[in-house]
Amino acid sequence: MNDDVLRGIEAELLARRPEALVEPSLERIRDVLDLLGNPQHAYPVLHIGGTNGKTSTARMADALLRELNLRTGRYTSPHLQSVTERIVIDGEPIAPQRFAATYAEIKPYLDLVDSKHDVRLGYFEVLTALAYAAFADTPVEAAVVEVGMGGAWDATNVADGRVAVVTPIALDHVEYLGDTIEEIATEKAGIIKPGGYAILGPQTASAAQVLLARVAETGATVARQGLEFGVRSREMAVGGQLIGLQGLTGPYDEIFLPLHGEYQAHNAAAALAAVEAFVGGGREPLDADLVRAAFARVTSPGRLEALRRGP
């Protein structure tokens, strides 16, 4: 495919409302996905929200699911170099030709929805529709989806996550989500769905109270980091760290994680618990060797990433 084609699509996307300029509503994304046959319902979704650690947790969960021989889709943001990095199939960014073909397929429906609403679909909404359509066309067996902003009215929330992960919540995007932890947690709790499984990362008392209220309201099953799962041990190692994790079903030890920072160990614990809940309802352990193999090949570009070492 000619690079000019991809650049032309990116220019069309960038001409839309920027993803940081939000018009809170699920109506537009629902309308376009309805026209596409609701591809977001064609596969189970592991949905990841929160403030810190979403992308790294998504990459780890994706690695675990692929090690279990599931064909996966992963949708994260932002990208570092190319927009195609946001939509990943079987561990690889979507091919530019595939990206362009999917965009061409959905573009007429984007125009229909744009004509129906006073506010056009924004950049992030269009990419979300494109990702869900690409995953259905593949088809994938599991989709790991990162929230863009908030949760309740985020465009990704038209999918019903079998498992919802809420990483640590802090003050972020206060102009849209509220200026207190409680208000922000209320928005982010919106990805916890009736009958689903909620995996809660370390939270302040005020955020935890809001999240647990949502769990009670939806009848979801909950697992909290530091109680039902967590980090058992952690020590520095060449090229990363050696960690022991407590999963929902028991301990997993001697895991090499080629990422730096204590927070990445906590992200790993959340990803492990999420996948245990996703594939076995939190009742069946994963093969420990497969867990070790999956974590050993995790990457998280741009997150405390070592780019150069001295002689």
# chains A, B, ... in the order shown; residues from 1 in each chain; ligands from 1

call {"tool": "closest_atom_pairs", "arguments": {"of": "range 63-169 of chain A", "to": "range 197-215 of chain A", "cutoff": "10 Å", "atoms": "only C-alpha atoms", "output": "tab-separated table"}}
result
residue	atom	partner	partner_atom	distance
A:Gly161	CA	A:Tyr197	CA	8.4
A:Arg162	CA	A:Tyr197	CA	6.4
A:Val163	CA	A:Tyr197	CA	4.7
A:Ala164	CA	A:Ala198	CA	4.9
A:Val165	CA	A:Ile199	CA	4.6
A:Val166	CA	A:Leu200	CA	5.0
A:Thr167	CA	A:Gly201	CA	4.6
A:Pro168	CA	A:Gln203	CA	5.3
A:Ile169	CA	A:Gln203	CA	6.4

call {"tool": "write_last_selection", "arguments": {"atoms": "N, CA and C atoms", "output": "mmCIF file, in the first residue's frame"}}
result
data_model
loop_
_atom_site.group_PDB
_atom_site.id
_atom_site.type_symbol
_atom_site.label_atom_id
_atom_site.label_comp_id
_atom_site.auth_asym_id
_atom_site.auth_seq_id
_atom_site.Cartn_x
_atom_site.Cartn_y
_atom_site.Cartn_z
ATOM 1 N N GLY A 161 -17.694 -5.634 29.016
ATOM 2 C CA GLY A 161 -16.531 -6.402 29.405
ATOM 3 C C GLY A 161 -16.882 -7.580 30.303
ATOM 4 N N ARG A 162 -16.432 -8.771 29.919
ATOM 5 C CA ARG A 162 -16.571 -9.927 30.803
ATOM 6 C C ARG A 162 -15.802 -9.671 32.093
ATOM 7 N N VAL A 163 -14.648 -9.017 31.958
ATOM 8 C CA VAL A 163 -13.819 -8.627 33.097
ATOM 9 C C VAL A 163 -13.493 -7.154 32.950
ATOM 10 N N ALA A 164 -13.639 -6.396 34.033
ATOM 11 C CA ALA A 164 -13.245 -4.997 34.068
ATOM 12 C C ALA A 164 -12.108 -4.842 35.055
ATOM 13 N N VAL A 165 -11.013 -4.256 34.613
ATOM 14 C CA VAL A 165 -9.882 -3.954 35.487
ATOM 15 C C VAL A 165 -9.878 -2.452 35.744
ATOM 16 N N VAL A 166 -9.777 -2.062 37.000
ATOM 17 C CA VAL A 166 -9.639 -0.640 37.334
ATOM 18 C C VAL A 166 -8.299 -0.465 38.037
ATOM 19 N N THR A 167 -7.354 0.104 37.323
ATOM 20 C CA THR A 167 -6.032 0.364 37.877
ATOM 21 C C THR A 167 -6.127 1.548 38.847
ATOM 22 N N PRO A 168 -5.034 1.878 39.563
ATOM 23 C CA PRO A 168 -5.115 2.959 40.561
ATOM 24 C C PRO A 168 -5.689 4.252 39.999
ATOM 25 N N ILE A 169 -6.602 4.826 40.748
ATOM 26 C CA ILE A 169 -7.285 6.056 40.340
ATOM 27 C C ILE A 169 -6.662 7.257 41.039
#

call {"tool": "residues_around", "arguments": {"residues": "range 35-52 of chain A", "least_positions_apart": "6", "cutoff": "8 Å", "atoms": "only C-alpha atoms", "output": "JSON, numbers by chain"}}
result
{"A": [58, 106, 109, 132, 133, 135, 136, 140, 141, 142, 143, 144, 145, 146, 147, 150, 151, 158, 159, 160, 161, 162, 163, 164, 165, 166, 167, 168, 169, 170, 171, 172, 188, 191, 274, 278]}

call {"tool": "select_by_dssp", "arguments": {"residues": "range 57-295 of chain A", "states": "strand (DSSP E)", "output": "PyMOL selection string"}}
result
chain A and resi 72-75+87-89+92-93+142-146+161-166+197-200+221-224+230-237+240-246+251-257

call {"tool": "residues_around", "arguments": {"residues": "Ala129 in chain A", "least_positions_apart": "4", "cutoff": "8 Å", "atoms": "only C-alpha atoms", "output": "number ranges by chain"}}
result
A: 29, 32-33, 125, 133

call {"tool": "select_by_dssp", "arguments": {"residues": "range 121-308 of chain A", "states": "helix (DSSP H, G or I)", "output": "JSON, numbers by chain"}}
result
{"A": [123, 124, 125, 126, 127, 128, 129, 130, 131, 132, 133, 134, 135, 136, 137, 155, 156, 157, 158, 174, 175, 176, 177, 181, 182, 183, 184, 185, 186, 187, 188, 189, 190, 191, 205, 206, 207, 208, 209, 210, 211, 212, 213, 214, 215, 216, 217, 218, 262, 263, 264, 265, 266, 267, 268, 269, 270, 271, 272, 273, 274, 275, 276, 277, 278, 279, 280, 288, 289, 290, 291, 292, 293, 294, 295, 296]}

call {"tool": "residues_around", "arguments": {"residues": "range 229-234 of chain A", "least_positions_apart": "4", "cutoff": "7 Å", "atoms": "only C-alpha atoms", "output": "list in words"}}
result
Arg224, Gln225, Gln241, Leu242, Ile243, Gly244, Leu245, Gln246, Gly247, Leu248, Ala265, His266, Ala269 and Ala273 of chain A

call {"tool": "residues_around", "arguments": {"residues": "Tyr103 in chain A", "least_positions_apart": "2", "cutoff": "9 Å", "atoms": "only C-alpha atoms", "output": "PyMOL selection string"}}
result
chain A and resi 9+98-101+105-107+126-127+130

call {"tool": "write_last_selection", "arguments": {"atoms": "N, CA and C atoms", "output": "PDB file, in the first residue's frame"}}
result
ATOM      1  N   ILE A   9      -5.581   8.953   5.283  1.00  0.00           N
ATOM      2  CA  ILE A   9      -6.557   8.538   6.296  1.00  0.00           C
ATOM      3  C   ILE A   9      -6.276   9.241   7.615  1.00  0.00           C
ATOM      4  N   ARG A  98      -4.651  -3.408   5.982  1.00  0.00           N
ATOM      5  CA  ARG A  98      -5.856  -3.830   6.707  1.00  0.00           C
ATOM      6  C   ARG A  98      -6.526  -2.627   7.351  1.00  0.00           C
ATOM      7  N   PHE A  99      -5.717  -1.739   7.909  1.00  0.00           N
ATOM      8  CA  PHE A  99      -6.245  -0.511   8.516  1.00  0.00           C
ATOM      9  C   PHE A  99      -7.011   0.295   7.474  1.00  0.00           C
ATOM     10  N   ALA A 100      -6.388   0.462   6.294  1.00  0.00           N
ATOM     11  CA  ALA A 100      -7.015   1.257   5.238  1.00  0.00           C
ATOM     12  C   ALA A 100      -8.288   0.592   4.729  1.00  0.00           C
ATOM     13  N   ALA A 101      -8.261  -0.728   4.579  1.00  0.00           N
ATOM     14  CA  ALA A 101      -9.434  -1.435   4.067  1.00  0.00           C
ATOM     15  C   ALA A 101     -10.599  -1.340   5.048  1.00  0.00           C
ATOM     16  N   GLU A 105     -14.297   0.505   4.637  1.00  0.00           N
ATOM     17  CA  GLU A 105     -15.564  -0.191   4.867  1.00  0.00           C
ATOM     18  C   GLU A 105     -16.499   0.591   5.785  1.00  0.00           C
ATOM     19  N   ILE A 106     -15.925   1.235   6.804  1.00  0.00           N
ATOM     20  CA  ILE A 106     -16.788   1.911   7.779  1.00  0.00           C
ATOM     21  C   ILE A 106     -17.069   3.369   7.426  1.00  0.00           C
ATOM     22  N   LYS A 107     -16.285   3.948   6.509  1.00  0.00           N
ATOM     23  CA  LYS A 107     -16.409   5.386   6.231  1.00  0.00           C
ATOM     24  C   LYS A 107     -17.820   5.803   5.813  1.00  0.00           C
ATOM     25  N   VAL A 126     -14.005   7.278  16.104  1.00  0.00           N
ATOM     26  CA  VAL A 126     -13.809   6.596  14.819  1.00  0.00           C
ATOM     27  C   VAL A 126     -12.801   5.463  14.963  1.00  0.00           C
ATOM     28  N   LEU A 127     -11.699   5.710  15.669  1.00  0.00           N
ATOM     29  CA  LEU A 127     -10.709   4.652  15.865  1.00  0.00           C
ATOM     30  C   LEU A 127     -11.289   3.482  16.653  1.00  0.00           C
ATOM     31  N   LEU A 130     -13.357   1.491  14.328  1.00  0.00           N
ATOM     32  CA  LEU A 130     -12.471   0.776  13.413  1.00  0.00           C
ATOM     33  C   LEU A 130     -11.861  -0.446  14.103  1.00  0.00           C
TER      34      LEU A 130
END

call {"tool": "atom_distance", "arguments": {"atom1": "CA of Arg66 in chain A", "atom2": "CA of Thr102 in chain A"}}
result
23.3 Å

call {"tool": "atom_distance", "arguments": {"atom1": "CA of Ala155 in chain A", "atom2": "CA of Val275 in chain A"}}
result
23.0 Å
